[in-house]
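Student: Got a structure for you, query.cif, holding mmCIF, C-alpha atoms and all ligand atoms.
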data_model
#
loop_
_atom_site.label_atom_id
_atom_site.label_comp_id
_atom_site.auth_asym_id
_atom_site.auth_seq_id
_atom_site.Cartn_x
_atom_site.Cartn_y
_atom_site.Cartn_z
CA MET T 7 10.10 65.31 -32.70
CA PRO T 8 8.20 68.33 -31.31
CA ASN T 9 5.31 67.39 -29.02
CA LEU T 10 2.67 69.34 -30.93
CA MET T 11 2.16 69.75 -34.67
CA MET T 12 -0.50 71.42 -36.73
CA SER T 13 -0.69 70.67 -40.46
CA ILE T 14 -3.25 70.64 -43.26
CA SER T 15 -4.31 67.14 -42.21
CA GLY T 16 -5.07 68.17 -38.62
CA ILE T 17 -3.40 68.51 -35.25
CA ARG T 18 -1.38 65.95 -33.33
CA GLY T 19 0.56 65.93 -30.13
CA VAL T 20 1.47 64.25 -26.88
CA ILE T 21 -1.31 64.18 -24.31
CA GLY T 22 -0.20 65.85 -21.09
CA ASP T 23 2.73 67.48 -22.86
CA GLY T 24 1.51 69.60 -25.76
CA LEU T 25 -1.93 68.48 -26.87
CA THR T 26 -4.37 69.98 -24.33
CA PRO T 27 -8.19 69.95 -24.27
CA GLN T 28 -8.12 73.75 -24.75
CA LEU T 29 -6.18 73.35 -28.02
CA ILE T 30 -8.51 70.59 -29.18
CA VAL T 31 -11.57 72.75 -28.46
CA ASN T 32 -10.04 75.70 -30.35
CA PHE T 33 -9.09 73.52 -33.27
CA THR T 34 -12.56 71.99 -33.58
CA GLN T 35 -14.22 75.40 -33.11
CA ALA T 36 -12.15 76.52 -36.07
CA PHE T 37 -13.21 73.47 -38.11
CA GLY T 38 -16.88 73.98 -37.16
CA THR T 39 -16.63 77.68 -38.04
CA TYR T 40 -15.02 76.86 -41.38
CA LEU T 41 -17.80 74.35 -42.17
CA GLY T 42 -20.50 76.73 -40.93
CA GLY T 43 -22.49 74.08 -39.06
CA GLY T 44 -24.03 70.87 -40.38
CA LYS T 45 -23.64 67.21 -39.56
CA ILE T 46 -20.13 66.02 -38.55
CA VAL T 47 -19.20 62.36 -38.03
CA VAL T 48 -16.79 61.69 -35.16
CA GLY T 49 -15.05 58.35 -34.57
CA ARG T 50 -11.94 57.38 -32.65
CA ASP T 51 -9.36 54.64 -32.32
CA SER T 52 -8.98 52.75 -29.04
CA ARG T 53 -6.40 55.01 -27.33
CA VAL T 54 -7.03 55.52 -23.62
CA THR T 55 -6.96 59.29 -24.21
CA GLY T 56 -9.70 58.96 -26.84
CA PRO T 57 -12.69 59.72 -24.55
CA MET T 58 -11.06 62.94 -23.27
CA VAL T 59 -10.21 64.09 -26.78
CA LYS T 60 -13.68 63.15 -28.05
CA HIS T 61 -15.42 65.23 -25.41
CA ALA T 62 -13.30 68.26 -26.26
CA VAL T 63 -13.98 67.70 -29.97
CA MET T 64 -17.72 67.48 -29.36
CA ALA T 65 -17.76 70.62 -27.21
CA GLY T 66 -15.91 72.57 -29.90
CA LEU T 67 -18.13 71.38 -32.75
CA ILE T 68 -21.46 71.72 -30.93
CA SER T 69 -20.62 75.26 -29.79
CA THR T 70 -20.35 76.31 -33.44
CA GLY T 71 -23.76 74.83 -34.27
CA CYS T 72 -22.54 71.54 -35.75
CA ASP T 73 -24.51 68.34 -35.08
CA VAL T 74 -22.21 65.51 -34.04
CA VAL T 75 -22.81 61.90 -35.05
CA ASP T 76 -20.69 59.80 -32.71
CA ILE T 77 -19.85 56.44 -34.29
CA GLY T 78 -17.66 55.26 -31.39
CA VAL T 79 -14.42 53.27 -31.53
CA CYS T 80 -13.71 52.27 -35.14
CA PRO T 81 -11.12 52.38 -37.94
CA THR T 82 -10.34 55.68 -39.70
CA PRO T 83 -11.70 54.26 -43.01
CA THR T 84 -15.00 53.55 -41.20
CA VAL T 85 -15.22 57.27 -40.31
CA GLN T 86 -14.50 58.14 -43.95
CA MET T 87 -17.28 55.83 -45.17
CA ALA T 88 -19.74 57.06 -42.54
CA VAL T 89 -19.24 60.67 -43.69
CA MET T 90 -20.33 59.57 -47.17
CA ASN T 91 -23.14 57.23 -46.09
CA LEU T 92 -24.67 59.68 -43.62
CA LYS T 93 -24.26 62.61 -46.05
CA ALA T 94 -22.36 64.61 -43.45
CA ARG T 95 -20.62 67.91 -44.08
CA GLY T 96 -17.37 66.61 -42.64
CA GLY T 97 -15.77 64.25 -40.21
CA ILE T 98 -13.07 63.89 -37.58
CA ALA T 99 -11.12 60.71 -36.94
CA ILE T 100 -9.54 60.89 -33.49
CA THR T 101 -6.35 58.88 -33.90
CA ALA T 102 -2.59 59.26 -33.90
CA SER T 103 -2.45 56.32 -36.34
CA HIS T 104 0.78 54.34 -35.80
CA ASN T 105 2.32 56.88 -33.39
CA PRO T 106 3.16 55.67 -29.86
CA ILE T 107 0.61 55.38 -27.08
CA GLU T 108 1.16 58.88 -25.57
CA TRP T 109 0.14 60.58 -28.82
CA ASN T 110 -3.29 61.49 -30.09
CA ALA T 111 -4.47 63.52 -33.07
CA LEU T 112 -7.38 64.76 -35.13
CA LYS T 113 -7.63 63.89 -38.82
CA LEU T 114 -10.11 66.16 -40.60
CA LEU T 115 -12.38 64.96 -43.39
CA ASP T 116 -14.46 66.85 -45.93
CA SER T 117 -17.96 65.95 -47.14
CA SER T 118 -16.61 63.31 -49.52
CA GLY T 119 -14.87 61.50 -46.66
CA MET T 120 -11.46 62.52 -48.01
CA PHE T 121 -8.80 64.23 -45.94
CA LEU T 122 -8.71 67.99 -46.32
CA ASP T 123 -6.57 69.23 -49.20
CA GLU T 124 -4.03 72.03 -48.89
CA VAL T 125 -6.53 74.83 -49.51
CA GLN T 126 -9.13 73.46 -47.07
CA GLY T 127 -6.51 72.62 -44.45
CA ASN T 128 -4.91 76.04 -44.66
CA ASN T 129 -8.33 77.66 -44.22
CA VAL T 130 -8.82 75.73 -40.97
CA ILE T 131 -5.33 76.69 -39.74
CA LYS T 132 -6.11 80.33 -40.58
CA ALA T 133 -9.33 80.10 -38.57
CA VAL T 134 -7.41 78.62 -35.61
CA ASN T 135 -4.87 81.45 -35.73
CA GLU T 136 -7.48 84.20 -36.07
CA ALA T 137 -9.52 82.64 -33.24
CA LYS T 138 -12.73 84.22 -34.53
CA PHE T 139 -15.05 81.37 -33.80
CA ARG T 140 -18.71 81.00 -34.59
CA ASN T 141 -20.26 80.89 -31.11
CA VAL T 142 -23.95 80.22 -31.63
CA ALA T 143 -26.74 81.11 -29.17
CA TRP T 144 -28.26 78.57 -26.82
CA ASP T 145 -31.17 77.81 -29.11
CA GLN T 146 -28.94 77.16 -32.15
CA ILE T 147 -26.42 74.98 -30.45
CA GLY T 148 -25.68 71.63 -32.15
CA LYS T 149 -27.08 68.24 -31.16
CA SER T 150 -25.30 64.97 -30.68
CA GLU T 151 -26.41 61.45 -31.44
CA ILE T 152 -24.86 58.01 -31.37
CA TYR T 153 -24.84 55.89 -34.54
CA GLU T 154 -23.90 52.27 -33.92
CA GLN T 155 -24.14 50.83 -37.44
CA ALA T 156 -21.05 52.41 -39.02
CA ILE T 157 -18.88 49.29 -38.70
CA ASP T 158 -21.64 47.04 -40.10
CA ASP T 159 -22.14 49.49 -42.97
CA HIS T 160 -18.42 49.36 -43.74
CA ILE T 161 -18.32 45.52 -43.74
CA LYS T 162 -21.44 45.30 -45.92
CA ALA T 163 -19.96 47.73 -48.45
CA ILE T 164 -16.77 45.63 -48.71
CA LEU T 165 -18.72 42.37 -49.15
CA LYS T 166 -20.90 43.96 -51.83
CA LEU T 167 -17.96 44.98 -54.03
CA ASN T 168 -17.85 43.31 -57.45
CA LEU T 169 -14.23 42.41 -56.72
CA VAL T 170 -15.13 40.45 -53.58
CA ASN T 171 -17.02 37.14 -53.60
CA PRO T 172 -17.50 36.09 -49.95
CA ASP T 173 -18.70 32.57 -50.88
CA GLN T 174 -15.59 31.93 -52.92
CA ILE T 175 -13.38 32.87 -49.94
CA ALA T 176 -15.56 30.94 -47.47
CA LYS T 177 -15.19 27.70 -49.51
CA ARG T 178 -11.46 27.71 -48.74
CA LYS T 179 -12.09 27.77 -44.95
CA TYR T 180 -8.92 29.80 -44.38
CA LYS T 181 -7.25 29.82 -41.00
CA VAL T 182 -6.10 33.38 -40.36
CA VAL T 183 -4.13 34.94 -37.51
CA VAL T 184 -4.66 38.67 -36.93
CA ASP T 185 -2.67 41.11 -34.78
CA CYS T 186 -4.66 44.28 -34.03
CA VAL T 187 -2.07 45.66 -31.54
CA ASN T 188 -5.07 46.45 -29.25
CA GLY T 189 -6.15 49.17 -31.66
CA ALA T 190 -9.48 49.65 -33.43
CA GLY T 191 -8.99 46.56 -35.65
CA GLY T 192 -10.68 44.46 -32.97
CA THR T 193 -13.95 46.31 -33.59
CA ILE T 194 -14.29 45.27 -37.24
CA LEU T 195 -12.03 42.38 -38.23
CA PRO T 196 -13.68 39.56 -36.19
CA ALA T 197 -17.02 40.20 -37.91
CA LEU T 198 -15.46 40.71 -41.35
CA LEU T 199 -13.46 37.46 -41.19
CA GLN T 200 -16.44 35.55 -39.82
CA GLN T 201 -18.52 36.70 -42.77
CA LEU T 202 -15.73 35.55 -45.08
CA GLY T 203 -15.97 32.08 -43.53
CA CYS T 204 -12.48 32.21 -42.02
CA GLU T 205 -11.33 30.63 -38.80
CA ALA T 206 -9.72 33.67 -37.21
CA ILE T 207 -7.32 33.66 -34.28
CA PHE T 208 -6.75 37.09 -32.77
CA ILE T 209 -3.72 38.23 -30.86
CA ASN T 210 -3.87 41.66 -29.21
CA GLY T 211 -7.47 41.77 -30.42
CA GLU T 212 -9.06 43.66 -27.52
CA PRO T 213 -9.36 47.38 -28.40
CA THR T 214 -7.96 48.50 -25.04
CA GLY T 215 -5.60 51.08 -26.48
CA LEU T 216 -2.79 49.55 -24.41
CA PHE T 217 -0.57 48.62 -27.36
CA SER T 218 1.17 45.31 -26.76
CA HIS T 219 4.09 46.21 -29.04
CA LYS T 220 5.24 49.17 -31.14
CA PRO T 221 2.11 50.02 -33.12
CA GLU T 222 3.60 50.51 -36.59
CA PRO T 223 2.99 47.29 -38.59
CA LEU T 224 6.63 46.85 -39.61
CA ALA T 225 8.18 43.38 -39.78
CA GLU T 226 10.37 43.99 -36.71
CA ASN T 227 7.25 44.65 -34.59
CA LEU T 228 5.42 41.53 -35.75
CA THR T 229 7.57 38.68 -34.41
CA GLU T 230 4.78 37.37 -32.16
CA LEU T 231 2.37 37.23 -35.11
CA CYS T 232 4.92 35.36 -37.25
CA GLU T 233 5.40 32.78 -34.47
CA VAL T 234 1.65 32.25 -33.97
CA VAL T 235 1.03 31.85 -37.74
CA LYS T 236 3.60 29.05 -37.79
CA ALA T 237 2.51 27.43 -34.52
CA GLU T 238 -1.16 27.43 -35.57
CA LYS T 239 -0.33 26.22 -39.11
CA ALA T 240 -2.41 29.11 -40.38
CA ASP T 241 -2.83 29.99 -44.06
CA ILE T 242 -1.92 33.66 -43.60
CA GLY T 243 -1.33 36.35 -40.98
CA PHE T 244 -2.50 39.95 -41.01
CA ALA T 245 -1.41 42.94 -38.91
CA VAL T 246 -3.05 46.36 -38.85
CA ASP T 247 -2.05 49.66 -37.28
CA PRO T 248 -4.21 51.19 -34.48
CA ASP T 249 -6.55 53.04 -36.88
CA VAL T 250 -6.70 50.18 -39.39
CA ASP T 251 -5.69 51.97 -42.59
CA ARG T 252 -2.44 50.02 -43.01
CA LEU T 253 -2.10 46.26 -43.49
CA ALA T 254 0.92 43.96 -43.28
CA ILE T 255 0.83 40.35 -44.52
CA ILE T 256 2.62 37.27 -43.12
CA SER T 257 2.94 34.10 -45.23
CA GLU T 258 1.97 30.63 -43.99
CA GLN T 259 5.68 30.10 -43.35
CA GLY T 260 5.64 32.94 -40.81
CA LYS T 261 7.55 35.30 -43.11
CA PRO T 262 6.50 38.94 -43.59
CA PHE T 263 5.75 39.92 -47.19
CA GLY T 264 7.31 43.33 -46.47
CA GLU T 265 5.07 46.37 -46.21
CA GLU T 266 5.41 47.29 -49.91
CA TYR T 267 3.85 43.98 -50.90
CA THR T 268 0.37 44.67 -49.50
CA LEU T 269 -0.27 47.26 -52.20
CA THR T 270 1.64 45.28 -54.84
CA ALA T 271 -0.52 42.19 -54.21
CA ALA T 272 -3.74 44.24 -54.22
CA VAL T 273 -2.75 45.96 -57.49
CA ASN T 274 -2.00 42.57 -59.06
CA TYR T 275 -5.48 41.29 -58.15
CA VAL T 276 -7.49 44.41 -58.97
CA LEU T 277 -5.86 44.94 -62.39
CA SER T 278 -6.63 41.33 -63.32
CA LYS T 279 -10.31 42.29 -62.94
CA LYS T 280 -10.67 45.88 -64.15
CA ASP T 281 -9.02 48.45 -66.37
CA GLY T 282 -7.64 51.80 -65.36
CA PRO T 283 -4.45 53.49 -64.23
CA ILE T 284 -2.64 53.08 -60.90
CA VAL T 285 -1.88 56.05 -58.61
CA VAL T 286 0.84 55.74 -55.97
CA ASN T 287 3.21 58.08 -54.16
CA ALA T 288 6.77 58.71 -55.28
CA SER T 289 8.30 56.17 -52.84
CA VAL T 290 6.17 53.17 -53.82
CA SER T 291 7.96 50.13 -55.21
CA GLN T 292 8.83 49.80 -58.86
CA ALA T 293 6.90 46.51 -58.64
CA VAL T 294 3.75 48.48 -59.52
CA ASP T 295 5.41 49.77 -62.70
CA ASP T 296 6.17 46.18 -63.68
CA LEU T 297 2.52 45.28 -63.01
CA ALA T 298 1.39 48.26 -65.11
CA VAL T 299 3.38 46.82 -68.04
CA LYS T 300 1.87 43.36 -67.42
CA PHE T 301 -1.67 44.78 -67.46
CA ASN T 302 -1.04 47.38 -70.15
CA THR T 303 -1.85 50.45 -68.07
CA ARG T 304 0.09 53.34 -66.60
CA VAL T 305 1.27 54.57 -63.20
CA TYR T 306 0.77 58.12 -61.91
CA ARG T 307 3.00 59.21 -59.03
CA THR T 308 2.24 61.90 -56.44
CA LYS T 309 3.79 63.49 -53.40
CA VAL T 310 3.84 61.31 -50.29
CA GLY T 311 0.55 61.62 -48.36
CA GLU T 312 -2.83 59.95 -48.65
CA ILE T 313 -4.68 63.08 -49.83
CA TYR T 314 -2.32 63.60 -52.80
CA VAL T 315 -2.84 60.00 -53.93
CA ALA T 316 -6.62 60.17 -53.38
CA GLN T 317 -6.99 63.44 -55.32
CA LYS T 318 -5.01 62.14 -58.27
CA MET T 319 -7.04 58.91 -58.25
CA LYS T 320 -10.22 60.95 -58.56
CA GLU T 321 -8.73 63.07 -61.34
CA VAL T 322 -7.50 60.19 -63.53
CA LYS T 323 -10.28 57.71 -62.62
CA ALA T 324 -7.77 55.23 -61.24
CA ALA T 325 -8.56 51.52 -60.93
CA ILE T 326 -6.57 51.32 -57.70
CA GLY T 327 -4.03 53.30 -55.75
CA GLY T 328 -2.34 53.64 -52.42
CA GLU T 329 0.88 53.93 -50.50
CA GLY T 330 3.68 51.45 -49.98
CA ASN T 331 3.26 51.36 -46.21
CA GLY T 332 0.36 48.91 -46.55
CA GLY T 333 -2.30 51.47 -47.58
CA VAL T 334 -4.67 50.25 -50.30
CA ILE T 335 -7.28 52.58 -51.85
CA LEU T 336 -10.12 51.28 -54.04
CA PRO T 337 -12.17 54.16 -55.45
CA GLU T 338 -15.50 52.33 -55.70
CA LEU T 339 -15.42 51.85 -51.91
CA HIS T 340 -14.00 55.25 -50.89
CA LEU T 341 -10.94 57.40 -51.51
CA GLY T 342 -8.97 56.45 -48.42
CA ARG T 343 -6.57 53.75 -47.26
CA ASP T 344 -8.51 50.79 -45.95
CA ALA T 345 -7.03 47.68 -44.29
CA PRO T 346 -10.29 45.65 -43.99
CA LEU T 347 -10.75 46.15 -47.74
CA ALA T 348 -7.15 45.05 -48.37
CA ILE T 349 -7.72 41.85 -46.34
CA ALA T 350 -10.75 40.99 -48.51
CA LEU T 351 -8.81 41.63 -51.73
CA ILE T 352 -5.84 39.50 -50.63
CA LEU T 353 -8.07 36.59 -49.54
CA MET T 354 -9.93 36.84 -52.87
CA GLN T 355 -6.68 36.56 -54.76
CA LEU T 356 -5.66 33.48 -52.75
CA ALA T 357 -9.10 31.91 -53.12
CA GLU T 358 -9.19 32.45 -56.85
CA SER T 359 -5.65 31.29 -57.60
CA GLY T 360 -5.61 28.46 -55.07
CA THR T 361 -2.01 29.35 -54.22
CA LYS T 362 -0.42 29.60 -50.80
CA ALA T 363 0.42 33.04 -49.41
CA SER T 364 4.16 32.42 -49.87
CA GLU T 365 3.57 31.48 -53.53
CA LEU T 366 1.51 34.63 -54.06
CA HIS T 367 4.36 36.70 -52.62
CA LEU T 368 6.96 35.08 -54.88
CA SER T 369 4.76 35.47 -57.97
CA LEU T 370 4.97 39.27 -57.66
CA PRO T 371 7.85 41.38 -59.11
CA GLN T 372 10.68 41.17 -56.57
CA TYR T 373 12.35 44.33 -55.28
CA PHE T 374 13.94 45.26 -51.98
CA GLN T 375 13.65 48.66 -50.33
CA ALA T 376 16.04 50.19 -47.82
CA LYS T 377 14.68 53.02 -45.66
CA ASN T 378 17.21 55.36 -44.09
CA ARG T 379 17.18 58.82 -42.57
CA ILE T 380 19.61 61.67 -41.99
CA GLU T 381 19.18 63.83 -38.89
CA LEU T 382 19.43 67.57 -39.54
CA LYS T 383 19.94 70.68 -37.47
CA GLU T 384 17.71 72.73 -39.75
CA LEU T 385 14.71 72.08 -41.95
CA ASP T 386 15.79 74.08 -45.01
CA VAL T 387 17.48 71.60 -47.29
CA SER T 388 16.71 73.15 -50.66
CA SER T 389 20.39 73.81 -51.43
CA VAL T 390 21.21 70.17 -50.68
CA LEU T 391 18.48 69.04 -53.08
CA ASP T 392 19.80 71.45 -55.72
CA GLY T 393 23.30 70.04 -55.23
CA LEU T 394 22.04 66.49 -55.74
CA LEU T 395 20.18 67.49 -58.90
CA LYS T 396 23.40 68.94 -60.27
CA LYS T 397 25.49 65.93 -59.32
CA TYR T 398 23.03 63.52 -60.94
CA GLN T 399 22.05 65.72 -63.88
CA THR T 400 22.91 63.07 -66.46
CA GLU T 401 20.56 60.55 -64.79
CA LYS T 402 16.78 60.40 -64.98
CA THR T 403 15.34 62.44 -62.09
CA ASP T 404 11.89 63.27 -60.76
CA THR T 405 11.26 66.26 -58.47
CA ILE T 406 7.59 65.77 -57.59
CA ASP T 407 8.53 65.35 -53.88
CA GLY T 408 12.17 65.98 -53.02
CA ILE T 409 14.37 64.23 -55.59
CA LYS T 410 14.11 60.77 -57.00
CA ILE T 411 16.93 59.43 -59.16
CA LEU T 412 15.97 56.52 -61.37
CA TRP T 413 17.86 53.79 -63.22
CA PRO T 414 16.15 50.95 -65.12
CA ASP T 415 16.19 48.51 -62.18
CA ARG T 416 16.73 50.71 -59.12
CA TRP T 417 15.99 54.14 -57.70
CA VAL T 418 16.69 56.34 -54.70
CA HIS T 419 14.29 58.93 -53.28
CA ILE T 420 15.52 61.77 -51.05
CA ARG T 421 12.78 63.73 -49.33
CA PRO T 422 12.76 66.16 -46.40
CA SER T 423 10.16 65.12 -43.81
CA ASN T 424 7.28 67.58 -43.40
CA THR T 425 7.13 67.10 -39.66
CA GLU T 426 10.60 66.21 -38.41
CA PRO T 427 14.09 67.69 -38.99
CA ILE T 428 15.21 64.70 -41.03
CA ILE T 429 15.80 63.75 -44.64
CA ARG T 430 14.32 60.39 -45.64
CA VAL T 431 16.44 58.34 -48.01
CA TYR T 432 14.55 55.42 -49.57
CA SER T 433 16.33 53.22 -52.09
CA GLU T 434 15.16 50.19 -54.03
CA ALA T 435 16.93 47.53 -56.08
CA LYS T 436 16.76 43.86 -57.03
CA THR T 437 18.64 42.84 -53.88
CA MET T 438 18.75 44.32 -50.37
CA GLU T 439 22.55 44.68 -50.60
CA GLU T 440 22.25 46.85 -53.72
CA ALA T 441 19.44 48.89 -52.17
CA GLU T 442 21.50 49.52 -49.01
CA ALA T 443 24.59 50.41 -51.05
CA LEU T 444 22.62 52.91 -53.13
CA GLY T 445 21.11 54.49 -49.99
CA PHE T 446 24.57 54.66 -48.39
CA GLN T 447 26.01 56.39 -51.47
CA LEU T 448 23.30 59.08 -51.39
CA ILE T 449 23.68 59.61 -47.64
CA GLN T 450 27.39 60.29 -48.26
CA ASP T 451 26.45 62.74 -51.05
CA VAL T 452 24.00 64.58 -48.78
CA LYS T 453 26.51 64.77 -45.92
CA GLN T 454 29.12 66.17 -48.30
CA LEU T 455 26.68 68.82 -49.51
CA LEU T 456 25.65 69.73 -45.95
CA LYS T 457 29.32 70.21 -45.04
CA SER T 458 29.95 72.54 -47.97
CA LYS T 459 26.96 74.76 -47.12
MG MG E 1 -2.92 54.61 -39.66
#
Would it be possible to restate this file's structure as structure tokens?
Ligand code: MG
Tutor:
Amino acid sequence: MPNLMMSISGIRGVIGDGLTPQLIVNFTQAFGTYLGGGKIVVGRDSRVTGPMVKHAVMAGLISTGCDVVDIGVCPTPTVQMAVMNLKARGGIAITASHNPIEWNALKLLDSSGMFLDEVQGNNVIKAVNEAKFRNVAWDQIGKSEIYEQAIDDHIKAILKLNLVNPDQIAKRKYKVVVDCVNGAGGTILPALLQQLGCEAIFINGEPTGLFSHKPEPLAENLTELCEVVKAEKADIGFAVDPDVDRLAIISEQGKPFGEEYTLTAAVNYVLSKKDGPIVVNASVSQAVDDLAVKFNTRVYRTKVGEIYVAQKMKEVKAAIGGEGNGGVILPELHLGRDAPLAIALILMQLAESGTKASELHLSLPQYFQAKNRIELKELDVSSVLDGLLKKYQTEKTDTIDGIKILWPDRWVHIRPSNTEPIIRVYSEAKTMEEAEALGFQLIQDVKQLLKSK
């Protein structure tokens, strides 16, 4: 993976080896120039490089006449909500999300708290490349202030949702174990769970930025959490990534639901309460299609990426949406993935049904997903995708993002990564063996096509 990448969603890189303060200043000058001044909310995750990056960000923004509202260490969804609540012109979340500790990044937000779309993002990139920055005079330079209520505002907004009844959850007196991997989760989840009347045990709860294990909330990184859930005889376990937009769930038996099942469970609860379509990306489990049939609604699919899902949700007035990596989006809160929200929705579903977490998991449509990748020497794979389309022309295919080939009870999705020279091959079926076999078959097809190029 290259050590520095600029895309429509922002800039990310390795600190000390690619992502320098000079680049960060230039990038934020470009963003400030593009916005033409105004109030900008800045928040960051707990990474140890966060203060350095934040100071560069503030210098860049203030020099273009933007006023910075610094909301401190917090989840990315808290930054998104603060942009809306404080009526800001934009926002920057300083976080490399689930990337390893040496990485940091800027995620840019527009005035609705959504990530920049392709047009907006390309305008910022153009401004970076042209390097014609708005350098205002001394008497027009921006101000900075600290706003300490953003996390409280976020919690209050979750507890006020029609879909969340804090008293109903509190009556169950749930015992919950939470792994925050020393990310920003520790700044919001203790207060949220306290207000939901839960007895919460935190592991890796201090937001030190010194991640105690690999920060992506995948089952293989959550063995400690699974052990503690069992040892403590807890009702459920939760894990979040460093910027708290992804949630993984562990049953009372210490077994991971699997990352796809956070969104599946949330969809199941939300659609039992309100009408409207579902919006998910092309790789999300077929379980949501089964739920759409159950609740008599439809599923819209988009390219992979939060902004594509969020935009489509807005367009079709979705009831709920998200991504299969544990990212749940509820439009009445905000159009971004939100793990604290997802925790409240899952606890609501348990409280209302009176079931155990393991029973909730088993009550959902059961599918298994295999995630594979093929390393490439080059990024241009269009001829390979064309070859696959031809080979599978008699099957049902979808080309919204790469190629997805669908059968009634299984599918495979082949998609070139936007950031790395790899092809992602995701396959899903009713058993893991079938999913792996399907993925293996397509990997062989791709390798054959690469050879014949
Ligand atoms: Mg994240």
Student: Applying 6 Å and all atoms listed in the file, which residues near segment 187-196 of chain T remain after dropping the ones on its own chain fewer than 2 positions away? List them as a list in words.
Tutor: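 So, after excluding close chain neighbours, the residues are Asp51, Ser52, Cys80, Pro81, Asp185, Leu198, Leu199, Asn210, Gly211, Glu212, Pro213, Thr214, Gly215, Phe217, Ser218, Pro248, Asp249 and Val250 of chain T.
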Student: List all protein, DNA and RNA residues that have any atom at most 6 Å from ligand MG 1 (chain E), counting only C-alpha atoms and all ligand atoms, and write the list as an MDAnalysis selection string.
Tutor: chainID T and resid 103:104 247 249:252
Student: Using only C-alpha atoms, find each residue of segment 115-197 of chain T with at least one atom at most 8 Å away from an atom of segment 342-360 of chain T; report its shortest atom-to-atom pair and that distance in Å (one decimal), sort the rows by chain and rising residue number, and return the result as a Markdown table.
Tutor:
| residue | atom | partner | partner_atom | distance |
| --- | --- | --- | --- | --- |
| T:Gly119 | CA | T:Gly342 | CA | 8.0 |
| T:Met120 | CA | T:Gly342 | CA | 6.6 |
| T:Ile164 | CA | T:Leu347 | CA | 6.1 |
| T:Leu169 | CA | T:Leu351 | CA | 7.4 |
| T:Val170 | CA | T:Met354 | CA | 6.4 |
| T:Asn171 | CA | T:Met354 | CA | 7.1 |
| T:Gln174 | CA | T:Ala357 | CA | 6.5 |
| T:Ile175 | CA | T:Ala357 | CA | 5.4 |
| T:Arg178 | CA | T:Ala357 | CA | 6.5 |
| T:Ile194 | CA | T:Pro346 | CA | 7.9 |
| T:Leu195 | CA | T:Pro346 | CA | 6.8 |
Student: Suppose we keep C-alpha atoms; can you now write the selection as an mmCIF file, in the coordinates of the input?
Tutor:
data_model
loop_
_atom_site.group_PDB
_atom_site.id
_atom_site.type_symbol
_atom_site.label_atom_id
_atom_site.label_comp_id
_atom_site.auth_asym_id
_atom_site.auth_seq_id
_atom_site.Cartn_x
_atom_site.Cartn_y
_atom_site.Cartn_z
ATOM 1 C CA GLY T 119 -14.870 61.500 -46.660
ATOM 2 C CA MET T 120 -11.460 62.520 -48.010
ATOM 3 C CA ILE T 164 -16.770 45.630 -48.710
ATOM 4 C CA LEU T 169 -14.230 42.410 -56.720
ATOM 5 C CA VAL T 170 -15.130 40.450 -53.580
ATOM 6 C CA ASN T 171 -17.020 37.140 -53.600
ATOM 7 C CA GLN T 174 -15.590 31.930 -52.920
ATOM 8 C CA ILE T 175 -13.380 32.870 -49.940
ATOM 9 C CA ARG T 178 -11.460 27.710 -48.740
ATOM 10 C CA ILE T 194 -14.290 45.270 -37.240
ATOM 11 C CA LEU T 195 -12.030 42.380 -38.230
#
Student: Could you check which of T:Gln201, T:Thr82, T:Gln292, T:Thr55 is closest to Trp109 of chain T, using only C-alpha atoms?
Tutor: T:Thr55
Student: Nearest residue to Gly243 of chain T out of T:Ala363, T:Ile313, T:Ile157, T:Met90, using all atoms listed in the file?
Tutor: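 Among the listed residues, T:Ala363 lies closest to Gly243 of chain T.
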Student: Using all atoms listed in the file, pick whichever of T:Gln126, T:Thr361, T:Asn287, T:Asn110 has the shortest atom-to-atom distance to Gly328 of chain T.
Tutor: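 Of T:Gln126, T:Thr361, T:Asn287, T:Asn110, the one nearest Gly328 of chain T, counting all atoms listed in the file, is T:Asn287.
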Student: Taking (-6.2, 60.6, -55.7) in the file's coordinates, which residues come within 10 Å, counting only C-alpha atoms, written as a ChimeraX atom specification?
Tutor: /T:120,284-287,306-308,312-324,326-328,335,337,341-342
Student: Could you name the residues that touch segment 437-449 of chain T at 9 Å or less, counting only C-alpha atoms, but leaving out those on the same chain fewer than 3 positions away, as a count of residues only?
Tutor: 22
